[in-house]
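Next up, model.txt (compact mmCIF, C-alpha atoms and all ligand atoms):
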# COMPACT_ATOMS: atom_id res chain seq x y z
CA MET A 842 -41.81 -13.22 5.63
CA ARG A 843 -42.17 -13.27 1.86
CA ASN A 844 -43.22 -11.03 -1.02
CA PHE A 845 -40.31 -8.64 -0.58
CA THR A 846 -40.31 -5.39 -2.52
CA GLU A 847 -37.47 -3.19 -3.70
CA GLN A 848 -37.75 -1.34 -0.40
CA SER A 849 -38.66 -4.05 2.11
CA ILE A 850 -35.92 -6.52 1.14
CA THR A 851 -33.24 -4.49 2.92
CA ASP A 852 -34.83 -4.75 6.36
CA ALA A 853 -35.59 -8.41 5.65
CA ALA A 854 -31.91 -9.13 4.92
CA LEU A 855 -30.83 -7.20 8.03
CA GLY A 856 -33.41 -9.03 10.13
CA ARG A 857 -31.84 -12.39 9.30
CA ILE A 858 -28.76 -11.57 11.39
CA THR A 859 -29.32 -13.34 14.70
CA SER A 860 -28.21 -12.77 18.29
CA GLU A 861 -25.50 -15.39 17.72
CA CYS A 862 -23.66 -12.87 15.54
CA ASP A 863 -20.58 -11.21 17.01
CA PRO A 864 -21.53 -7.55 17.74
CA ARG A 865 -18.79 -6.03 15.59
CA LEU A 866 -19.61 -8.34 12.70
CA ARG A 867 -23.27 -7.34 13.07
CA GLU A 868 -22.32 -3.66 12.92
CA VAL A 869 -20.12 -4.11 9.85
CA MET A 870 -22.52 -6.41 7.95
CA THR A 871 -25.54 -4.24 8.74
CA SER A 872 -23.81 -1.22 7.23
CA PHE A 873 -22.46 -3.24 4.32
CA ILE A 874 -25.87 -4.70 3.40
CA ARG A 875 -27.54 -1.27 3.72
CA HIS A 876 -24.99 0.44 1.49
CA LEU A 877 -24.94 -2.40 -1.03
CA HIS A 878 -28.72 -2.39 -1.37
CA GLU A 879 -28.74 1.40 -1.64
CA PHE A 880 -26.03 1.23 -4.33
CA VAL A 881 -28.16 -1.21 -6.37
CA ARG A 882 -31.27 0.97 -5.97
CA GLU A 883 -29.41 4.18 -6.78
CA THR A 884 -27.67 2.88 -9.92
CA ARG A 885 -30.59 0.70 -11.08
CA ILE A 886 -28.07 -2.10 -11.73
CA THR A 887 -29.37 -4.51 -14.39
CA PRO A 888 -29.02 -8.32 -14.09
CA GLU A 889 -26.44 -8.23 -16.94
CA GLU A 890 -24.38 -5.61 -15.14
CA TRP A 891 -24.59 -7.51 -11.85
CA PHE A 892 -23.31 -10.70 -13.51
CA LYS A 893 -20.53 -8.67 -15.12
CA GLY A 894 -19.56 -7.47 -11.64
CA ILE A 895 -19.59 -11.03 -10.31
CA ALA A 896 -17.51 -12.21 -13.28
CA PHE A 897 -15.03 -9.40 -12.51
CA LEU A 898 -14.67 -10.48 -8.87
CA THR A 899 -14.35 -14.12 -9.95
CA GLU A 900 -11.53 -13.15 -12.31
CA CYS A 901 -9.84 -11.23 -9.49
CA GLY A 902 -9.91 -14.46 -7.48
CA THR A 903 -8.39 -16.52 -10.27
CA PHE A 904 -5.54 -13.98 -10.61
CA CYS A 905 -4.51 -14.42 -6.96
CA ASP A 906 -1.65 -16.68 -5.91
CA ASP A 907 1.21 -16.43 -3.43
CA LYS A 908 2.81 -13.64 -5.53
CA ARG A 909 -0.21 -11.76 -6.84
CA GLN A 910 -3.06 -10.30 -4.77
CA GLU A 911 -5.62 -8.78 -7.10
CA PHE A 912 -8.05 -7.89 -4.30
CA ILE A 913 -5.44 -5.77 -2.48
CA LEU A 914 -4.75 -4.10 -5.83
CA LEU A 915 -8.46 -3.43 -6.25
CA SER A 916 -8.67 -1.95 -2.75
CA ASP A 917 -5.54 0.15 -3.41
CA THR A 918 -6.67 1.53 -6.76
CA LEU A 919 -10.15 2.40 -5.47
CA GLY A 920 -8.60 4.41 -2.62
CA VAL A 921 -9.96 2.07 0.06
CA SER A 922 -6.57 0.96 1.40
CA MET A 923 -5.53 4.58 2.00
CA LEU A 924 -8.92 5.35 3.57
CA VAL A 925 -8.55 2.45 6.01
CA ASP A 926 -4.99 3.61 6.74
CA ALA A 927 -6.10 7.22 7.31
CA ILE A 928 -8.54 6.00 9.98
CA ALA A 929 -6.04 3.61 11.63
CA ASN A 930 -3.06 6.00 11.49
CA PRO A 931 -4.24 9.60 11.63
CA SER A 932 -1.53 12.16 10.95
CA ALA A 933 -0.02 13.67 14.10
CA PRO A 934 2.30 16.69 14.28
CA GLY A 935 5.98 15.76 14.22
CA VAL A 936 5.34 12.09 13.47
CA THR A 937 6.18 10.41 10.16
CA GLU A 938 3.03 9.77 8.16
CA SER A 939 2.07 6.33 6.92
CA THR A 940 1.04 5.17 3.49
CA VAL A 941 -0.05 2.02 1.71
CA LEU A 942 1.77 -1.29 2.36
CA GLY A 943 1.23 -2.59 -1.18
CA PRO A 944 1.49 -6.21 -2.29
CA PHE A 945 5.28 -6.54 -2.54
CA PHE A 946 6.32 -6.74 1.11
CA ARG A 947 7.99 -10.10 1.89
CA GLU A 948 8.84 -11.75 5.19
CA ASN A 949 12.47 -12.62 6.01
CA PRO A 950 14.30 -10.19 3.71
CA PRO A 951 18.12 -10.24 3.52
CA ILE A 952 19.85 -8.60 6.49
CA ILE A 953 21.77 -5.55 5.27
CA ALA A 954 24.53 -4.03 7.41
CA ASN A 955 24.69 -0.26 7.53
CA GLY A 956 26.58 0.91 4.47
CA GLY A 957 25.49 -2.18 2.51
CA ASP A 958 23.92 -2.54 -0.93
CA LEU A 959 20.15 -3.11 -1.19
CA ALA A 960 20.30 -3.80 -4.93
CA PRO A 961 23.40 -5.88 -5.70
CA GLY A 962 23.90 -6.45 -9.41
CA ILE A 963 21.08 -4.09 -10.41
CA ALA A 964 22.20 -1.52 -13.02
CA GLY A 965 21.03 2.07 -12.72
CA LYS A 966 21.75 5.37 -11.10
CA ARG A 967 22.97 4.83 -7.53
CA VAL A 968 21.56 6.62 -4.51
CA ASP A 969 23.03 6.81 -1.02
CA ILE A 970 20.25 6.65 1.54
CA ASP A 971 21.11 8.22 4.89
CA CYS A 972 18.27 8.22 7.41
CA ARG A 973 17.63 8.46 11.11
CA VAL A 974 14.98 6.99 13.38
CA THR A 975 13.92 9.23 16.25
CA SER A 976 11.16 9.45 18.76
CA GLU A 977 8.56 12.20 18.29
CA ASP A 978 10.61 14.43 20.64
CA GLY A 979 13.65 14.04 18.37
CA ALA A 980 15.56 11.60 20.61
CA PRO A 981 17.49 9.08 18.47
CA ILE A 982 16.29 5.48 18.63
CA ALA A 983 19.02 2.83 18.51
CA GLY A 984 18.18 -0.73 17.48
CA ALA A 985 15.07 0.12 15.43
CA GLN A 986 14.26 -2.48 12.77
CA ILE A 987 13.83 -1.07 9.27
CA ASP A 988 12.53 -3.14 6.37
CA CYS A 989 13.03 -1.46 3.02
CA TRP A 990 11.87 -2.64 -0.42
CA GLN A 991 11.64 -1.09 -3.87
CA SER A 992 11.30 -1.82 -7.58
CA SER A 993 14.16 -2.00 -10.04
CA PRO A 994 14.86 1.02 -12.31
CA ASP A 995 12.73 -0.70 -14.97
CA GLY A 996 9.79 -1.04 -12.61
CA PHE A 997 9.85 -4.62 -11.33
CA TYR A 998 9.97 -6.01 -7.79
CA ASP A 999 12.07 -9.12 -7.18
CA SER A 1000 8.96 -11.30 -6.98
CA GLN A 1001 8.17 -10.26 -10.58
CA MET A 1002 11.63 -11.23 -11.89
CA GLY A 1003 12.53 -14.72 -13.17
CA ASP A 1004 10.80 -17.36 -11.08
CA GLY A 1005 10.28 -14.76 -8.35
CA SER A 1006 12.22 -16.66 -5.69
CA ALA A 1007 15.34 -14.43 -5.42
CA HIS A 1008 15.33 -11.66 -2.82
CA ASN A 1009 16.82 -8.41 -4.13
CA LEU A 1010 15.99 -4.69 -3.86
CA ARG A 1011 14.93 -5.32 -0.28
CA GLY A 1012 16.52 -5.76 3.09
CA ARG A 1013 16.31 -5.37 6.84
CA LEU A 1014 18.54 -2.87 8.63
CA THR A 1015 19.04 -1.87 12.26
CA SER A 1016 19.54 1.71 13.38
CA ALA A 1017 22.89 2.57 15.01
CA LYS A 1018 23.44 4.27 18.40
CA ASP A 1019 22.64 7.69 16.99
CA GLY A 1020 19.46 6.36 15.30
CA ARG A 1021 21.10 6.41 11.86
CA PHE A 1022 20.77 3.74 9.21
CA TRP A 1023 22.32 4.00 5.77
CA PHE A 1024 22.71 1.97 2.62
CA ASN A 1025 23.04 2.37 -1.12
CA THR A 1026 20.68 1.24 -3.83
CA THR A 1027 19.36 2.17 -7.27
CA LEU A 1028 17.27 5.32 -7.69
CA PRO A 1029 13.64 4.19 -7.76
CA ALA A 1030 11.71 5.06 -10.92
CA ALA A 1031 7.98 5.48 -11.53
CA TYR A 1032 6.36 2.15 -12.42
CA PRO A 1033 2.88 0.78 -13.14
CA VAL A 1034 0.99 -1.33 -10.61
CA PRO A 1035 0.33 -4.77 -12.09
CA HIS A 1036 -2.17 -4.02 -14.85
CA ASP A 1037 -2.33 -7.20 -16.91
CA GLY A 1038 -5.36 -8.47 -14.96
CA PRO A 1039 -8.95 -7.48 -14.22
CA VAL A 1040 -7.96 -4.46 -12.11
CA GLY A 1041 -5.82 -3.13 -14.99
CA ALA A 1042 -8.77 -3.59 -17.35
CA LEU A 1043 -11.00 -1.70 -14.92
CA LEU A 1044 -8.48 1.17 -14.70
CA ARG A 1045 -8.39 1.40 -18.50
CA ALA A 1046 -12.19 1.30 -18.68
CA MET A 1047 -12.28 4.23 -16.22
CA GLY A 1048 -9.74 6.16 -18.31
CA ARG A 1049 -7.09 5.88 -15.58
CA HIS A 1050 -3.36 5.17 -15.79
CA PRO A 1051 -1.69 2.55 -13.55
CA MET A 1052 1.44 4.55 -12.62
CA ARG A 1053 2.97 5.12 -9.19
CA PRO A 1054 5.62 7.81 -8.65
CA GLY A 1055 9.12 6.51 -7.85
CA HIS A 1056 9.41 5.50 -4.19
CA LEU A 1057 11.12 3.33 -1.61
CA HIS A 1058 9.02 1.43 0.94
CA PHE A 1059 9.90 1.52 4.64
CA TRP A 1060 8.48 -0.37 7.62
CA VAL A 1061 10.05 1.03 10.79
CA GLN A 1062 9.57 -0.67 14.18
CA ALA A 1063 11.09 0.17 17.56
CA PRO A 1064 10.25 -0.93 21.11
CA GLY A 1065 8.00 1.52 22.97
CA HIS A 1066 6.89 3.21 19.75
CA ARG A 1067 4.15 2.88 17.17
CA GLN A 1068 5.42 1.31 13.98
CA VAL A 1069 5.14 3.16 10.69
CA ILE A 1070 4.63 1.66 7.24
CA THR A 1071 5.49 4.33 4.72
CA HIS A 1072 7.34 5.40 1.56
CA LEU A 1073 9.82 8.05 0.51
CA PHE A 1074 8.73 9.51 -2.82
CA VAL A 1075 11.14 11.11 -5.29
CA LYS A 1076 10.58 14.88 -5.48
CA GLY A 1077 9.79 16.05 -9.01
CA ASP A 1078 8.30 12.74 -10.16
CA PRO A 1079 5.56 13.45 -12.74
CA TYR A 1080 3.14 11.01 -11.08
CA LEU A 1081 3.12 12.55 -7.59
CA GLU A 1082 -0.23 14.22 -8.35
CA SER A 1083 -1.93 11.14 -9.79
CA ASP A 1084 -0.54 8.11 -7.93
CA ALA A 1085 -2.70 5.12 -8.97
CA VAL A 1086 -3.15 4.14 -5.31
CA PHE A 1087 -3.57 7.63 -3.74
CA GLY A 1088 -0.56 7.08 -1.45
CA VAL A 1089 1.34 10.39 -1.77
CA LYS A 1090 1.63 12.76 1.21
CA ASP A 1091 3.68 15.95 0.98
CA SER A 1092 5.68 15.07 4.09
CA LEU A 1093 6.92 11.88 2.39
CA VAL A 1094 8.29 13.57 -0.72
CA ALA A 1095 12.07 13.70 -0.36
CA ASP A 1096 14.78 15.48 -2.29
CA PHE A 1097 16.90 12.82 -3.97
CA GLY A 1098 19.24 15.50 -5.33
CA SER A 1099 20.24 16.17 -8.90
CA GLN A 1100 19.05 13.67 -11.48
CA ASP A 1101 22.29 14.24 -13.44
CA GLY A 1102 25.41 12.16 -12.84
CA PRO A 1103 25.84 8.55 -11.77
CA ARG A 1104 25.20 9.00 -8.02
CA THR A 1105 22.87 10.94 -5.80
CA LYS A 1106 21.75 10.92 -2.16
CA VAL A 1107 18.83 11.49 0.16
CA HIS A 1108 18.44 12.21 3.89
CA TYR A 1109 15.29 11.63 5.87
CA ASP A 1110 14.34 11.38 9.55
CA PHE A 1111 11.63 8.90 10.52
CA ARG A 1112 9.91 10.12 13.68
CA LEU A 1113 7.90 7.54 15.60
CA LYS A 1114 5.05 8.23 17.99
CA LYS A 1115 5.57 6.91 21.50
CA ALA A 1116 3.31 3.94 22.25
CA ALA A 1117 0.44 4.87 24.55
C1 LIG B 1201 3.65 -0.70 -4.33
O1 LIG B 1201 4.03 0.43 -4.15
O2 LIG B 1201 4.45 -1.58 -4.23
C2 LIG B 1201 2.23 -0.95 -4.69
C3 LIG B 1201 1.24 -0.41 -3.90
C4 LIG B 1201 -0.09 -0.65 -4.23
C5 LIG B 1201 -0.40 -1.41 -5.33
C6 LIG B 1201 0.62 -1.95 -6.12
C7 LIG B 1201 1.94 -1.70 -5.80
FE FE B 1202 6.09 0.14 -4.48
Now, as a test, write the supplied structure out as C-alpha cells.
Amino acid sequence: MRNFTEQSITDAALGRITSECDPRLREVMTSFIRHLHEFVRETRITPEEWFKGIAFLTECGTFCDDKRQEFILLSDTLGVSMLVDAIANPSAPGVTESTVLGPFFRENPPIIANGGDLAPGIAGKRVDIDCRVTSEDGAPIAGAQIDCWQSSPDGFYDSQMGDGSAHNLRGRLTSAKDGRFWFNTTLPAAYPVPHDGPVGALLRAMGRHPMRPGHLHFWVQAPGHRQVITHLFVKGDPYLESDAVFGVKDSLVADFGSQDGPRTKVHYDFRLKKAA
C-alpha cells in the first residue's frame, strides 16, 4: 500500500499491527494511533508546531534523572495521573479516597516510632498528627504500614535539599493495637511543583500557576486490605480550588486547627477497603 491520504493513513498505520502483537498492547496502540491522528487532523498541526512538540518531549527527557521525573510531572499537570487513578481506585462509600503519588516518594524511609519526629531539625510551626487505620467497617487495624512524606515549610522535599541524599520529612510508621499512629512534624505549606523545566514553561505558556495546596502524603498498607496512596490537605489553603495536579478531594481536606501559635494538631481516620 502506498499513496496515503490524510484520511487513509490512519487505517494504514493500524493495519501494520500484526497478529504477533499482545492483545492488550494492540487495543491500547490502536486507540492511541486513532486519537493521535485525529488530534493532528483536528488541530491542523503544522510541521513547525510538530517539531516544537518533539523538541518539548526531548527536553522533558533530558530533565529526567534519578531525582527528577519530568514525564510524571507532565502527566500530573495535564490531569492524566488523576484520571488513571480515578479509574484504578474508584471512590467507595466509607473508604479513604486516593490521590496522586507524585514524584517525591522514596523507598526505605527512616523508621519512625509512634510519637516520633518526622522533621528533625526543620524550623516551622509544629503539628501533632494523630491518626487511625481502620477497616471499612470501622474495626481498628493493628500493624498497618504507613509511609508519610512532605515538603519543608519553605516548599522543598528532602531530595531537593543539598545533594539530595539525606532523608528527612519522611518516615515509615506502624499502627498500634488500636489502629492509631501518631507523630509530630512541621505544618506543610503550599509549594510549587518543580517549574524550572519544560513542564513549568508549558504551565506559564498556558497561563497556569504551579502551586499545590499544603499537604502530607500517606501510603497506607495492611494485610487483607487494599492499599491507599493519598494526602491530607490543609483546610483553608488558598490553592485547594486550583491544585496544579488536580489532586484535591473534599474528603481529604483536614482541619489542622488554628494557624496561630507555635503548635497545632490534626486527627484523621484512614479507612481501608477489604481485599476482594
Ligand atoms: C507532590 O505532591 O509531591 C507532587 C505531586 C505531583 C507533582 C509534583 C509534586
Ligand atoms: Fe507533595
Please define a box with edges along x, y and z of the file around all atoms of range 919-929 of chain A given in the file, extend it by 5 Å on each side, and return its centre and edge lengths in Å to one decimal, as lines of an AutoDock Vina configuration file.
center_x = -7.6
center_y = 4.1
center_z = 3.1
size_x = 15.2
size_y = 16.3
size_z = 27.1
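Near Gly965 in chain A, within 10 Å and counting all atoms listed in the file, sit A:Ser993, A:Pro994, A:Asp995, A:Thr1026, A:Thr1027, A:Leu1028, A:Pro1029, A:Ala1030, A:Pro1103, A:Arg1104; same-chain residues fewer than 6 positions away were not included.
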With C-alpha atoms retained, write the just-selected residues as a JSON list (two decimals), in the frame of the given file.
[["chain", "number", "residue", "atom", "x", "y", "z"],
["A", 993, "SER", "CA", 14.16, -2.00, -10.04],
["A", 994, "PRO", "CA", 14.86, 1.02, -12.31],
["A", 995, "ASP", "CA", 12.73, -0.70, -14.97],
["A", 1026, "THR", "CA", 20.68, 1.24, -3.83],
["A", 1027, "THR", "CA", 19.36, 2.17, -7.27],
["A", 1028, "LEU", "CA", 17.27, 5.32, -7.69],
["A", 1029, "PRO", "CA", 13.64, 4.19, -7.76],
["A", 1030, "ALA", "CA", 11.71, 5.06, -10.92],
["A", 1103, "PRO", "CA", 25.84, 8.55, -11.77],
["A", 1104, "ARG", "CA", 25.20, 9.00, -8.02]]
Dump as a Markdown table the rows for residues of range 1009-1054 of chain A within 6 Å of range 966-981 of chain A: closest atom pair and distance in Å with one decimal, all atoms listed in the file counted, ordered by chain and rising residue number.
| residue | atom | partner | partner_atom | distance |
| --- | --- | --- | --- | --- |
| A:Asp1019 | CA | A:Pro981 | CA | 5.5 |
| A:Gly1020 | CA | A:Pro981 | CA | 4.6 |
| A:Arg1021 | CA | A:Arg973 | CA | 4.1 |
| A:Phe1022 | CA | A:Cys972 | CA | 5.4 |
| A:Trp1023 | CA | A:Asp971 | CA | 4.5 |
| A:Phe1024 | CA | A:Ile970 | CA | 5.4 |
| A:Asn1025 | CA | A:Asp969 | CA | 4.4 |
| A:Thr1026 | CA | A:Val968 | CA | 5.5 |
| A:Thr1027 | CA | A:Arg967 | CA | 4.5 |
| A:Leu1028 | CA | A:Val968 | CA | 5.5 |
Practice prompt. Would you list the residues that come within 7 Å of ligand LIG 1201 (chain B)? Count all atoms listed in the file and give the answer as a list of chain:residue names.
Written response: A:Leu914, A:Asp917, A:Val941, A:Leu942, A:Gly943, A:Pro944, A:Phe945, A:Val1034, A:Pro1035, A:Arg1053, A:Val1086
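Put simply, CA of Asp926 in chain A is 16.2 Å away from CA of Phe912 in chain A.
For range 1057-1065 of chain A, the set of protein, DNA and RNA residues having any atom at most 8 Å away, when counting all atoms listed in the file and skipping those fewer than 6 positions along the same chain, is Leu942, Ile982, Gly984, Ala985, Gln986, Ile987, Asp988, Cys989, Trp990, Gln991, Ser992, Pro1029, Thr1071, His1072, Leu1073, Phe1074, Lys1115 and Ala1116 of chain A.
Checking A:His1056, A:Arg843, A:Arg909, A:His1066 one by one against ligand FE 1202 (chain B), counting only C-alpha atoms and all ligand atoms, you find the shortest gap at A:His1056.
Residues in contact range of range 931-936 of chain A, defined as at most 8 Å between only C-alpha atoms, with sequence neighbours fewer than 2 positions away removed, read Asp926, Ala927, Ile928, Ala929, Glu938, Ser939, Glu977, Phe1111, Arg1112, Leu1113 and Lys1114 of chain A.
Checking A:Leu866, A:Ala1017, A:Val881, A:Val1089 one by one against ligand FE 1202 (chain B), counting all atoms listed in the file, you find the shortest gap at A:Val1089.
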Worksheet entry | Selection: 12 Å around Gly856 in chain A, all atoms listed in the file, excl. self and same-chain fewer than 4 positions, as JSON, numbers by chain | {"A": [842, 849, 850, 851, 852, 860, 862, 867, 870, 871, 874, 875]}
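Distance annotation: of A:Gly1048, A:Gly1088, A:Gly957, A:Gly1038, the residue with the minimal separation from ligand FE 1202 (chain B) is A:Gly1088; atom set is all atoms listed in the file.
Rounded to one decimal, CA of Phe904 in chain A and CA of Ala1042 in chain A lie 12.8 Å from each other.
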How would range 887-911 of chain A look with N, CA, C and O atoms restored, written as an mmCIF file, keeping the file's coordinate frame?
data_model
loop_
_atom_site.group_PDB
_atom_site.id
_atom_site.type_symbol
_atom_site.label_atom_id
_atom_site.label_comp_id
_atom_site.auth_asym_id
_atom_site.auth_seq_id
_atom_site.Cartn_x
_atom_site.Cartn_y
_atom_site.Cartn_z
ATOM 1 N N THR A 887 -28.597 -3.495 -13.660
ATOM 2 C CA THR A 887 -29.370 -4.510 -14.390
ATOM 3 C C THR A 887 -28.795 -5.894 -14.080
ATOM 4 O O THR A 887 -27.639 -6.012 -13.638
ATOM 5 N N PRO A 888 -29.556 -6.961 -14.321
ATOM 6 C CA PRO A 888 -29.020 -8.320 -14.090
ATOM 7 C C PRO A 888 -27.736 -8.547 -14.882
ATOM 8 O O PRO A 888 -26.776 -9.150 -14.374
ATOM 9 N N GLU A 889 -27.647 -8.039 -16.119
ATOM 10 C CA GLU A 889 -26.440 -8.230 -16.940
ATOM 11 C C GLU A 889 -25.236 -7.544 -16.281
ATOM 12 O O GLU A 889 -24.137 -8.088 -16.222
ATOM 13 N N GLU A 890 -25.477 -6.338 -15.799
ATOM 14 C CA GLU A 890 -24.380 -5.610 -15.140
ATOM 15 C C GLU A 890 -23.950 -6.312 -13.856
ATOM 16 O O GLU A 890 -22.767 -6.373 -13.527
ATOM 17 N N TRP A 891 -24.928 -6.833 -13.116
ATOM 18 C CA TRP A 891 -24.590 -7.510 -11.850
ATOM 19 C C TRP A 891 -23.740 -8.744 -12.128
ATOM 20 O O TRP A 891 -22.738 -8.987 -11.451
ATOM 21 N N PHE A 892 -24.113 -9.510 -13.174
ATOM 22 C CA PHE A 892 -23.310 -10.700 -13.510
ATOM 23 C C PHE A 892 -21.920 -10.297 -13.994
ATOM 24 O O PHE A 892 -20.943 -10.984 -13.731
ATOM 25 N N LYS A 893 -21.846 -9.169 -14.691
ATOM 26 C CA LYS A 893 -20.530 -8.670 -15.120
ATOM 27 C C LYS A 893 -19.663 -8.378 -13.893
ATOM 28 O O LYS A 893 -18.465 -8.683 -13.861
ATOM 29 N N GLY A 894 -20.284 -7.766 -12.885
ATOM 30 C CA GLY A 894 -19.560 -7.470 -11.640
ATOM 31 C C GLY A 894 -19.101 -8.755 -10.958
ATOM 32 O O GLY A 894 -17.963 -8.840 -10.470
ATOM 33 N N ILE A 895 -19.965 -9.759 -10.945
ATOM 34 C CA ILE A 895 -19.590 -11.030 -10.310
ATOM 35 C C ILE A 895 -18.486 -11.707 -11.115
ATOM 36 O O ILE A 895 -17.523 -12.245 -10.544
ATOM 37 N N ALA A 896 -18.573 -11.624 -12.443
ATOM 38 C CA ALA A 896 -17.510 -12.210 -13.280
ATOM 39 C C ALA A 896 -16.187 -11.494 -13.014
ATOM 40 O O ALA A 896 -15.120 -12.123 -12.951
ATOM 41 N N PHE A 897 -16.241 -10.172 -12.807
ATOM 42 C CA PHE A 897 -15.030 -9.400 -12.510
ATOM 43 C C PHE A 897 -14.389 -9.885 -11.205
ATOM 44 O O PHE A 897 -13.186 -10.151 -11.140
ATOM 45 N N LEU A 898 -15.214 -10.034 -10.165
ATOM 46 C CA LEU A 898 -14.670 -10.480 -8.870
ATOM 47 C C LEU A 898 -14.129 -11.908 -8.977
ATOM 48 O O LEU A 898 -13.109 -12.250 -8.380
ATOM 49 N N THR A 899 -14.824 -12.730 -9.758
ATOM 50 C CA THR A 899 -14.350 -14.120 -9.950
ATOM 51 C C THR A 899 -12.982 -14.107 -10.618
ATOM 52 O O THR A 899 -12.066 -14.838 -10.208
ATOM 53 N N GLU A 900 -12.822 -13.240 -11.607
ATOM 54 C CA GLU A 900 -11.530 -13.150 -12.310
ATOM 55 C C GLU A 900 -10.431 -12.637 -11.363
ATOM 56 O O GLU A 900 -9.292 -13.093 -11.419
ATOM 57 N N CYS A 901 -10.818 -11.696 -10.488
ATOM 58 C CA CYS A 901 -9.840 -11.230 -9.490
ATOM 59 C C CYS A 901 -9.347 -12.426 -8.668
ATOM 60 O O CYS A 901 -8.154 -12.566 -8.390
ATOM 61 N N GLY A 902 -10.270 -13.282 -8.271
ATOM 62 C CA GLY A 902 -9.910 -14.460 -7.480
ATOM 63 C C GLY A 902 -8.962 -15.375 -8.241
ATOM 64 O O GLY A 902 -7.962 -15.849 -7.682
ATOM 65 N N THR A 903 -9.237 -15.583 -9.524
ATOM 66 C CA THR A 903 -8.390 -16.520 -10.270
ATOM 67 C C THR A 903 -6.997 -15.920 -10.518
ATOM 68 O O THR A 903 -6.045 -16.650 -10.751
ATOM 69 N N PHE A 904 -6.847 -14.606 -10.435
ATOM 70 C CA PHE A 904 -5.540 -13.980 -10.610
ATOM 71 C C PHE A 904 -4.659 -14.083 -9.357
ATOM 72 O O PHE A 904 -3.468 -13.800 -9.403
ATOM 73 N N CYS A 905 -5.271 -14.420 -8.224
ATOM 74 C CA CYS A 905 -4.510 -14.420 -6.960
ATOM 75 C C CYS A 905 -3.697 -15.697 -6.799
ATOM 76 O O CYS A 905 -4.182 -16.785 -7.088
ATOM 77 N N ASP A 906 -2.455 -15.538 -6.367
ATOM 78 C CA ASP A 906 -1.650 -16.680 -5.910
ATOM 79 C C ASP A 906 -0.687 -16.140 -4.863
ATOM 80 O O ASP A 906 -0.885 -15.025 -4.365
ATOM 81 N N ASP A 907 0.354 -16.902 -4.520
ATOM 82 C CA ASP A 907 1.210 -16.430 -3.430
ATOM 83 C C ASP A 907 2.043 -15.205 -3.827
ATOM 84 O O ASP A 907 2.675 -14.585 -2.976
ATOM 85 N N LYS A 908 2.044 -14.837 -5.116
ATOM 86 C CA LYS A 908 2.810 -13.640 -5.530
ATOM 87 C C LYS A 908 1.935 -12.533 -6.065
ATOM 88 O O LYS A 908 2.413 -11.435 -6.347
ATOM 89 N N ARG A 909 0.665 -12.767 -6.230
ATOM 90 C CA ARG A 909 -0.210 -11.760 -6.840
ATOM 91 C C ARG A 909 -1.491 -11.678 -6.019
ATOM 92 O O ARG A 909 -2.142 -12.696 -5.768
ATOM 93 N N GLN A 910 -1.857 -10.475 -5.576
ATOM 94 C CA GLN A 910 -3.060 -10.300 -4.770
ATOM 95 C C GLN A 910 -3.928 -9.243 -5.448
ATOM 96 O O GLN A 910 -3.784 -8.049 -5.214
ATOM 97 N N GLU A 911 -4.821 -9.713 -6.299
ATOM 98 C CA GLU A 911 -5.620 -8.780 -7.100
ATOM 99 C C GLU A 911 -6.631 -8.017 -6.248
ATOM 100 O O GLU A 911 -7.003 -6.881 -6.570
#
